[in-house]
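Structure below is work11.pdb: PDB, C-alpha atoms.
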ATOM      1  CA  ALA A   1     132.847 120.498  93.257
ATOM      2  CA  VAL A   2     133.120 118.353  96.407
ATOM      3  CA  PRO A   3     132.291 121.190  98.870
ATOM      4  CA  VAL A   4     129.202 122.014  96.789
ATOM      5  CA  LEU A   5     128.061 118.370  96.933
ATOM      6  CA  VAL A   6     128.623 118.273 100.692
ATOM      7  CA  ILE A   7     126.520 121.412 101.136
ATOM      8  CA  VAL A   8     123.772 120.028  98.892
ATOM      9  CA  CYS A   9     123.747 116.741 100.855
ATOM     10  CA  LEU A  10     123.567 118.558 104.180
ATOM     11  CA  LEU A  11     120.721 120.741 102.907
ATOM     12  CA  CYS A  12     118.845 117.644 101.710
ATOM     13  CA  LEU A  13     119.310 115.929 105.088
ATOM     14  CA  ALA A  14     118.110 119.048 106.908
ATOM     15  CA  MET A  15     115.037 119.263 104.659
ATOM     16  CA  MET A  16     114.231 115.553 105.159
ATOM     17  CA  ALA A  17     114.600 115.914 108.938
ATOM     18  CA  ALA A  18     112.344 118.979 108.896
ATOM     19  CA  ALA A  19     109.792 117.149 106.752
ATOM     20  CA  LEU A  20     109.751 114.235 109.206
ATOM     21  CA  VAL A  21     109.300 116.550 112.188
ATOM     22  CA  TYR A  22     106.593 118.700 110.602
ATOM     23  CA  THR A  23     104.558 115.880 109.028
ATOM     24  CA  GLN A  24     104.025 114.002 112.298
ATOM     25  CA  SER A  25     100.378 114.191 113.269
ATOM     26  CA  PRO A  26      99.454 114.799 116.909
ATOM     27  CA  ALA A  27      98.861 111.047 117.281
ATOM     28  CA  GLN A  28     102.523 110.332 116.446
ATOM     29  CA  GLY A  29     102.159 109.497 112.753
ATOM     30  CA  GLU A  30      98.841 107.690 112.924
ATOM     31  CA  PHE A  31      98.865 104.712 110.533
ATOM     32  CA  ILE A  32      96.376 104.842 107.678
ATOM     33  CA  PRO A  33      95.683 101.323 106.384
ATOM     34  CA  PRO A  34      96.054 100.844 102.633
ATOM     35  CA  PRO A  35      92.814 100.179 100.725
ATOM     36  CA  PHE A  36      91.940  96.846  99.160
ATOM     37  CA  GLU A  37      92.465  96.456  95.419
ATOM     38  CA  GLU A  38      89.163  97.017  93.630
ATOM     39  CA  SER A  39      90.211  95.011  90.557
ATOM     40  CA  ALA A  40      91.255  91.898  92.547
ATOM     41  CA  VAL A  41      89.867  88.618  91.218
ATOM     42  CA  SER A  42      89.404  85.349  93.123
ATOM     43  CA  GLY A  43      91.245  82.328  91.796
ATOM     44  CA  ILE A  44      94.532  81.450  90.127
ATOM     45  CA  PRO A  45      95.584  83.466  87.058
ATOM     46  CA  ASP A  46      96.345  81.957  83.669
ATOM     47  CA  VAL A  47      99.470  83.951  82.836
ATOM     48  CA  PRO A  48     101.179  84.099  79.407
ATOM     49  CA  GLU A  49     104.499  82.213  79.711
ATOM     50  CA  GLU A  50     106.665  84.985  78.222
ATOM     51  CA  LEU A  51     105.940  87.304  81.166
ATOM     52  CA  GLY A  52     108.209  85.353  83.504
ATOM     53  CA  TRP A  53     105.544  84.737  86.163
ATOM     54  CA  GLN A  54     106.856  82.767  89.110
ATOM     55  CA  GLU A  55     105.876  81.757  92.587
ATOM     56  CA  LEU A  56     108.302  83.010  95.199
ATOM     57  CA  ASP A  57     108.825  81.739  98.715
ATOM     58  CA  ALA A  58     109.487  84.735 100.955
ATOM     59  CA  GLN A  59     109.504  82.378 103.987
ATOM     60  CA  ALA A  60     106.848  84.350 105.873
ATOM     61  CA  PHE A  61     104.550  84.200 102.838
ATOM     62  CA  GLN A  62     104.273  82.954  99.253
ATOM     63  CA  VAL A  63     103.621  85.241  96.288
ATOM     64  CA  GLY A  64     103.221  84.938  92.540
ATOM     65  CA  VAL A  65     104.349  87.808  90.300
ATOM     66  CA  CYS A  66     105.801  88.570  86.858
ATOM     67  CA  GLY A  67     109.447  89.553  86.826
ATOM     68  CA  ALA A  68     108.988  91.102  83.375
ATOM     69  CA  VAL A  69     107.320  94.503  83.741
ATOM     70  CA  VAL A  70     105.999  95.284  80.258
ATOM     71  CA  LEU A  71     104.359  98.696  79.967
ATOM     72  CA  GLU A  72     101.290  99.248  77.831
ATOM     73  CA  GLY A  73     100.570 102.952  78.197
ATOM     74  CA  SER A  74     100.537 103.579  81.946
ATOM     75  CA  GLN A  75      99.794  99.960  82.930
ATOM     76  CA  ALA A  76     101.821  96.780  83.229
ATOM     77  CA  ASP A  77     100.541  93.236  83.740
ATOM     78  CA  VAL A  78     102.195  91.888  86.880
ATOM     79  CA  TRP A  79      99.681  89.152  87.795
ATOM     80  CA  LEU A  80     100.290  89.697  91.517
ATOM     81  CA  THR A  81      98.917  86.570  93.176
ATOM     82  CA  ASN A  82      98.305  85.928  96.868
ATOM     83  CA  PRO A  83      98.122  82.114  97.157
ATOM     84  CA  GLU A  84      95.213  80.711  99.144
ATOM     85  CA  GLY A  85      97.566  79.149 101.719
ATOM     86  CA  ASN A  86      98.844  82.551 102.880
ATOM     87  CA  ASN A  87      97.533  84.180 106.030
ATOM     88  CA  VAL A  88      98.571  87.701 105.009
ATOM     89  CA  TRP A  89      97.257  90.422 102.723
ATOM     90  CA  LEU A  90      99.683  91.439  99.958
ATOM     91  CA  LYS A  91     100.408  94.734  98.223
ATOM     92  CA  LEU A  92     102.835  95.605  95.420
ATOM     93  CA  ARG A  93     104.653  98.918  95.224
ATOM     94  CA  ILE A  94     106.860  99.776  92.240
ATOM     95  CA  LEU A  95     109.741 102.124  93.022
ATOM     96  CA  ASP A  96     112.372 103.912  90.947
ATOM     97  CA  GLU A  97     116.074 103.902  91.843
ATOM     98  CA  ASP A  98     115.549 106.830  94.234
ATOM     99  CA  GLY A  99     112.829 104.961  96.129
ATOM    100  CA  ASP A 100     110.015 107.108  94.715
ATOM    101  CA  VAL A 101     106.701 105.286  94.199
ATOM    102  CA  LEU A 102     105.838 104.937  90.501
ATOM    103  CA  GLY A 103     102.698 102.860  91.027
ATOM    104  CA  GLU A 104     101.090 100.432  93.457
ATOM    105  CA  THR A 105      98.245  98.034  93.965
ATOM    106  CA  GLY A 106      95.825  97.927  96.841
ATOM    107  CA  LEU A 107      95.774  94.986  99.238
ATOM    108  CA  ILE A 108      94.779  91.557  97.971
ATOM    109  CA  ARG A 109      93.491  88.752 100.175
ATOM    110  CA  PRO A 110      94.655  85.124 100.072
ATOM    111  CA  GLY A 111      93.196  83.364  97.027
ATOM    112  CA  GLU A 112      93.066  86.593  94.974
ATOM    113  CA  TYR A 113      95.158  88.117  92.220
ATOM    114  CA  VAL A 114      95.382  91.428  90.403
ATOM    115  CA  GLN A 115      96.373  91.450  86.746
ATOM    116  CA  SER A 116      97.926  94.877  86.322
ATOM    117  CA  VAL A 117      99.360  97.853  88.144
ATOM    118  CA  THR A 118      98.819 101.444  86.973
ATOM    119  CA  PHE A 119     101.821 103.753  87.010
ATOM    120  CA  ASP A 120     101.261 107.277  88.329
ATOM    121  CA  THR A 121     104.653 108.148  86.831
ATOM    122  CA  VAL A 122     105.503 106.233  83.644
ATOM    123  CA  PRO A 123     109.202 105.339  83.513
ATOM    124  CA  ALA A 124     111.195 105.202  80.275
ATOM    125  CA  PRO A 125     111.969 101.771  78.748
ATOM    126  CA  GLY A 126     115.063 100.257  80.307
ATOM    127  CA  THR A 127     114.594 102.145  83.598
ATOM    128  CA  ALA A 128     115.720 100.144  86.624
ATOM    129  CA  ILE A 129     112.833  99.603  89.047
ATOM    130  CA  SER A 130     112.163  97.691  92.243
ATOM    131  CA  MET A 131     109.029  95.666  92.872
ATOM    132  CA  LYS A 132     108.429  95.747  96.630
ATOM    133  CA  LEU A 133     105.991  93.081  97.796
ATOM    134  CA  MET A 134     104.631  93.874 101.234
ATOM    135  CA  ALA A 135     102.648  91.558 103.488
ATOM    136  CA  TYR A 136     100.233  92.731 106.168
ATOM    137  CA  GLU A 137      98.680  90.702 108.954
ATOM    138  CA  PRO A 138      94.884  90.755 108.557
ATOM    139  CA  GLU A 139      92.973  93.111 110.852
ATOM    140  CA  THR A 140      96.074  94.502 112.666
ATOM    141  CA  TYR A 141      97.978  95.620 109.528
ATOM    142  CA  HIS A 142     101.237  94.676 111.248
ATOM    143  CA  SER A 143     104.018  93.875 108.810
ATOM    144  CA  GLY A 144     104.111  90.281 107.661
ATOM    145  CA  GLY A 145     107.422  90.908 105.917
ATOM    146  CA  ALA A 146     108.496  92.288 102.564
ATOM    147  CA  VAL A 147     110.576  91.194  99.613
ATOM    148  CA  THR A 148     112.006  93.339  96.814
ATOM    149  CA  LEU A 149     112.669  92.260  93.233
ATOM    150  CA  ASN A 150     114.868  94.372  90.981
ATOM    151  CA  THR A 151     114.049  94.495  87.274
ATOM    152  CA  VAL A 152     113.821  96.917  84.339
ATOM    153  CA  VAL A 153     110.868  98.400  82.486
ATOM    154  CA  GLN A 154     110.097  96.885  79.111
ATOM    155  CA  VAL A 155     107.711  98.210  76.483
ATOM    156  CA  GLU A 156     105.433  95.970  74.472
ATOM    157  CA  ASP A 157     106.610  95.427  70.886
ATOM    158  CA  GLY A 158     104.174  96.398  68.266
TER     159      GLY A 158
END
Output the file's structure as structure tokens, nothing else.
Amino acid sequence: AVPVLVIVCLLCLAMMAAALVYTQSPAQGEFIPPPFEESAVSGIPDVPEELGWQELDAQAFQVGVCGAVVLEGSQADVWLTNPEGNNVWLKLRILDEDGDVLGETGLIRPGEYVQSVTFDTVPAPGTAISMKLMAYEPETYHSGGAVTLNTVVQVEDG
């Protein structure tokens, strides 16, 4: 069984390397800026207490988000909040254990929040997920840092 796994791993690495080589555009992987979140709202959200919303200090930026990801259909209320004092744009990406993107928000400006994220792929209840919060410097889109929270998917009772 071990030789088979080694071969499979080597094949996967070769395919990933080939994908990296062949997906480079002529302009060396030209960066495409993420869009802004259309459903973003100005202000501070009034979040139900049971969702575990908290403000986090990621040193380079502050962020407010719910640690409890409760699915209702293909959406979950995360109440992603970019505090007014920040000087970065924020984006949330939800990943499965393999690092595949399950859903994401667009960018939100300081002083804005977005209530929910829509999942392109709906994970089963109890699935381990990562919430990757990414900061971008306005105008240049340079990284302003990132922080990842690990949690599990919950489904609303009822």
Report task. Select, from A:Ser130, A:Thr148, A:Ser42, A:Pro35, the residue with the minimum atom-to-atom distance to Glu97 (chain A), counting all atoms listed in the file. Result ->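 Result for the nearest residue to Glu97 (chain A): A:Ser130.
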Which centre and which edge lengths, in Å to one decimal, describe the axis-aligned box that holds all listed atoms of region 31-38 of chain A after 5 Å is added on each side, as lines of an AutoDock Vina configuration file?
center_x = 94.0
center_y = 100.6
center_z = 102.1
size_x = 19.7
size_y = 18.4
size_z = 26.9
Query raised in the report: Can you list what the PyMOL selection byres ((chain A and resi 67) around 6) grabs from this structure, as JSON, numbers by chain?
Result: {"A": [52, 66, 68]}
I'd like the residues picked by the PyMOL selection byres ((chain A and resi 33) around 10) written out as a PDB file with C-alpha atoms, in the coordinates of the input, using the chain letters and numbers from the file.
ATOM      1  CA  GLU A  30      98.841 107.690 112.924  1.00  0.00           C
ATOM      2  CA  PHE A  31      98.865 104.712 110.533  1.00  0.00           C
ATOM      3  CA  ILE A  32      96.376 104.842 107.678  1.00  0.00           C
ATOM      4  CA  PRO A  34      96.054 100.844 102.633  1.00  0.00           C
ATOM      5  CA  PRO A  35      92.814 100.179 100.725  1.00  0.00           C
ATOM      6  CA  PHE A  36      91.940  96.846  99.160  1.00  0.00           C
ATOM      7  CA  LEU A 107      95.774  94.986  99.238  1.00  0.00           C
ATOM      8  CA  TYR A 136     100.233  92.731 106.168  1.00  0.00           C
ATOM      9  CA  GLU A 139      92.973  93.111 110.852  1.00  0.00           C
ATOM     10  CA  THR A 140      96.074  94.502 112.666  1.00  0.00           C
ATOM     11  CA  TYR A 141      97.978  95.620 109.528  1.00  0.00           C
ATOM     12  CA  HIS A 142     101.237  94.676 111.248  1.00  0.00           C
TER      13      HIS A 142
END
Report task. Starting from the displayed file, determine the output of the PyMOL selection byres ((chain A and resi 71) around 9) and express the residue list as a PyMOL selection string. Result -> chain A and resi 69-70+72-77+122-123+125+153-156
**Report entry** Selection: 12 Å around Val47 (chain A), only C-alpha atoms, excl. self and same-chain fewer than 5 positions, as an NGL selection string
**Finding:** :A and (52-55 or 64-66 or 68 or 77-81 or 113-116)
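Of the listed residues (A:Glu50, A:Gly43, A:Asp96, A:Leu11), A:Asp96 comes nearest to Ala124 (chain A); the distances count all atoms listed in the file.
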Requested in this report: Work out how far apart CA of Gly103 (chain A) and CA of Pro138 (chain A) are and give it in Å to one decimal.
Outcome: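 Calculated distance between CA of Gly103 (chain A) and CA of Pro138 (chain A) is 22.7 Å.
Within 6 Å of Leu95 (chain A), once all atoms listed in the file are used and residues closer than 4 positions along the same chain are dropped, the contacting residues are A:Gly99, A:Asp100, A:Val101, A:Leu102, A:Ile129, A:Ser130.
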Report task. Check the smallest atom-to-atom distance from each of A:Ser143, A:Thr118, A:Arg93, A:Asn82 to Val41 (chain A) using all atoms listed in the file, then report the winner. Result -> A:Asn82
Copy region 22-157 of chain A out of the block into a file, keeping C-alpha atoms, as a compact mmCIF listing (two decimals), in the first residue's frame.
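The resulting file, result.txt, is reproduced below:
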# COMPACT_ATOMS: atom_id res chain seq x y z
CA TYR A 22 0.49 26.24 -17.45
CA THR A 23 -1.83 28.67 -15.64
CA GLN A 24 0.70 31.52 -15.54
CA SER A 25 -0.46 34.31 -17.81
CA PRO A 26 2.08 36.08 -20.01
CA ALA A 27 2.21 38.89 -17.43
CA GLN A 28 3.50 36.47 -14.78
CA GLY A 29 0.23 35.69 -13.01
CA GLU A 30 -1.35 39.11 -13.25
CA PHE A 31 -3.25 39.89 -10.02
CA ILE A 32 -7.00 40.34 -10.36
CA PRO A 33 -8.34 42.38 -7.43
CA PRO A 34 -11.28 40.86 -5.57
CA PRO A 35 -14.61 42.69 -5.96
CA PHE A 36 -16.28 44.64 -3.18
CA GLU A 37 -19.13 42.96 -1.31
CA GLU A 38 -22.44 44.15 -2.76
CA SER A 39 -24.39 43.36 0.43
CA ALA A 40 -22.04 45.33 2.74
CA VAL A 41 -23.79 47.70 5.14
CA SER A 42 -22.33 50.77 6.87
CA GLY A 43 -22.35 50.77 10.65
CA ILE A 44 -21.95 48.35 13.54
CA PRO A 45 -24.03 45.15 13.51
CA ASP A 46 -26.42 44.13 16.26
CA VAL A 47 -25.50 40.45 16.49
CA PRO A 48 -27.47 37.77 18.40
CA GLU A 49 -25.36 36.75 21.43
CA GLU A 50 -25.54 32.99 20.79
CA LEU A 51 -23.53 33.31 17.56
CA GLY A 52 -20.27 33.90 19.42
CA TRP A 53 -19.45 37.20 17.68
CA GLN A 54 -16.20 38.70 18.88
CA GLU A 55 -13.77 41.42 18.00
CA LEU A 56 -10.30 40.09 17.28
CA ASP A 57 -7.02 41.95 17.33
CA ALA A 58 -4.88 40.63 14.48
CA GLN A 59 -2.24 43.28 15.32
CA ALA A 60 -2.16 44.70 11.79
CA PHE A 61 -5.94 45.11 11.84
CA GLN A 62 -9.07 44.56 13.94
CA VAL A 63 -11.99 42.41 12.82
CA GLY A 64 -15.35 41.31 14.17
CA VAL A 65 -16.72 37.89 13.21
CA CYS A 66 -18.86 35.01 14.50
CA GLY A 67 -16.96 31.91 15.51
CA ALA A 68 -20.16 29.87 15.25
CA VAL A 69 -20.87 29.12 11.58
CA VAL A 70 -24.54 28.11 11.52
CA LEU A 71 -25.79 27.07 8.09
CA GLU A 72 -29.26 27.96 6.89
CA GLY A 73 -29.47 26.38 3.45
CA SER A 74 -26.36 27.58 1.63
CA GLN A 75 -25.80 30.67 3.81
CA ALA A 76 -24.35 31.31 7.25
CA ASP A 77 -24.49 34.52 9.28
CA VAL A 78 -20.91 35.50 10.07
CA TRP A 79 -21.40 39.24 10.71
CA LEU A 80 -17.96 40.04 9.28
CA THR A 81 -17.19 43.54 10.53
CA ASN A 82 -14.39 45.87 9.47
CA PRO A 83 -14.12 48.41 12.33
CA GLU A 84 -13.97 52.06 11.33
CA GLY A 85 -10.48 52.45 12.84
CA ASN A 86 -8.93 50.02 10.34
CA ASN A 87 -7.04 51.25 7.31
CA VAL A 88 -7.46 48.00 5.35
CA TRP A 89 -10.19 46.32 3.33
CA LEU A 90 -11.24 42.91 4.66
CA LYS A 91 -12.43 39.72 2.98
CA LEU A 92 -13.51 36.37 4.45
CA ARG A 93 -12.80 33.06 2.76
CA ILE A 94 -14.15 29.80 4.19
CA LEU A 95 -12.02 26.74 3.45
CA ASP A 96 -12.41 23.01 4.03
CA GLU A 97 -9.66 20.85 5.54
CA ASP A 98 -8.03 20.44 2.12
CA GLY A 99 -7.84 24.21 1.62
CA ASP A 100 -10.63 24.27 -0.99
CA VAL A 101 -12.78 27.41 -0.97
CA LEU A 102 -16.35 26.68 0.17
CA GLY A 103 -17.53 30.30 0.11
CA GLU A 104 -16.27 33.86 0.42
CA THR A 105 -17.29 37.46 0.76
CA GLY A 106 -16.17 40.37 -1.33
CA LEU A 107 -14.08 43.16 0.16
CA ILE A 108 -15.56 45.37 2.85
CA ARG A 109 -14.31 48.85 3.70
CA PRO A 110 -13.64 50.18 7.21
CA GLY A 111 -16.93 50.98 8.96
CA GLU A 112 -18.84 48.28 7.03
CA TYR A 113 -20.08 44.79 7.79
CA VAL A 114 -21.60 41.90 5.88
CA GLN A 115 -24.14 39.69 7.62
CA SER A 116 -23.78 36.40 5.79
CA VAL A 117 -21.58 34.39 3.48
CA THR A 118 -22.98 32.12 0.75
CA PHE A 119 -21.41 28.70 0.36
CA ASP A 120 -20.73 27.51 -3.19
CA THR A 121 -20.19 24.05 -1.71
CA VAL A 122 -22.34 23.29 1.35
CA PRO A 123 -20.43 21.24 3.92
CA ALA A 124 -22.07 18.62 6.13
CA PRO A 125 -22.82 19.51 9.78
CA GLY A 126 -19.79 18.95 11.97
CA THR A 127 -17.33 19.50 9.09
CA ALA A 128 -14.11 21.18 10.19
CA ILE A 129 -13.61 24.49 8.36
CA SER A 130 -11.22 27.42 8.46
CA MET A 131 -12.31 31.04 8.32
CA LYS A 132 -9.48 32.96 6.66
CA LEU A 133 -9.72 36.71 7.19
CA MET A 134 -7.59 38.59 4.70
CA ALA A 135 -6.68 42.27 4.79
CA TYR A 136 -5.77 44.33 1.74
CA GLU A 137 -4.19 47.76 1.64
CA PRO A 138 -6.57 50.17 -0.13
CA GLU A 139 -5.76 51.01 -3.74
CA THR A 140 -2.61 48.81 -3.97
CA TYR A 141 -4.26 45.53 -2.84
CA HIS A 142 -1.02 44.58 -1.08
CA SER A 143 -1.54 42.15 1.76
CA GLY A 144 -2.33 43.76 5.08
CA GLY A 145 -2.04 40.39 6.81
CA ALA A 146 -4.33 37.44 7.40
CA VAL A 147 -5.65 35.45 10.31
CA THR A 148 -7.31 32.03 10.27
CA LEU A 149 -9.92 30.74 12.70
CA ASN A 150 -10.71 27.03 12.87
CA THR A 151 -14.27 25.98 13.66
CA VAL A 152 -16.95 23.47 12.63
CA VAL A 153 -20.15 23.84 10.64
CA GLN A 154 -23.35 23.87 12.65
CA VAL A 155 -26.90 23.62 11.33
CA GLU A 156 -29.74 25.69 12.70
CA ASP A 157 -32.10 23.73 14.96
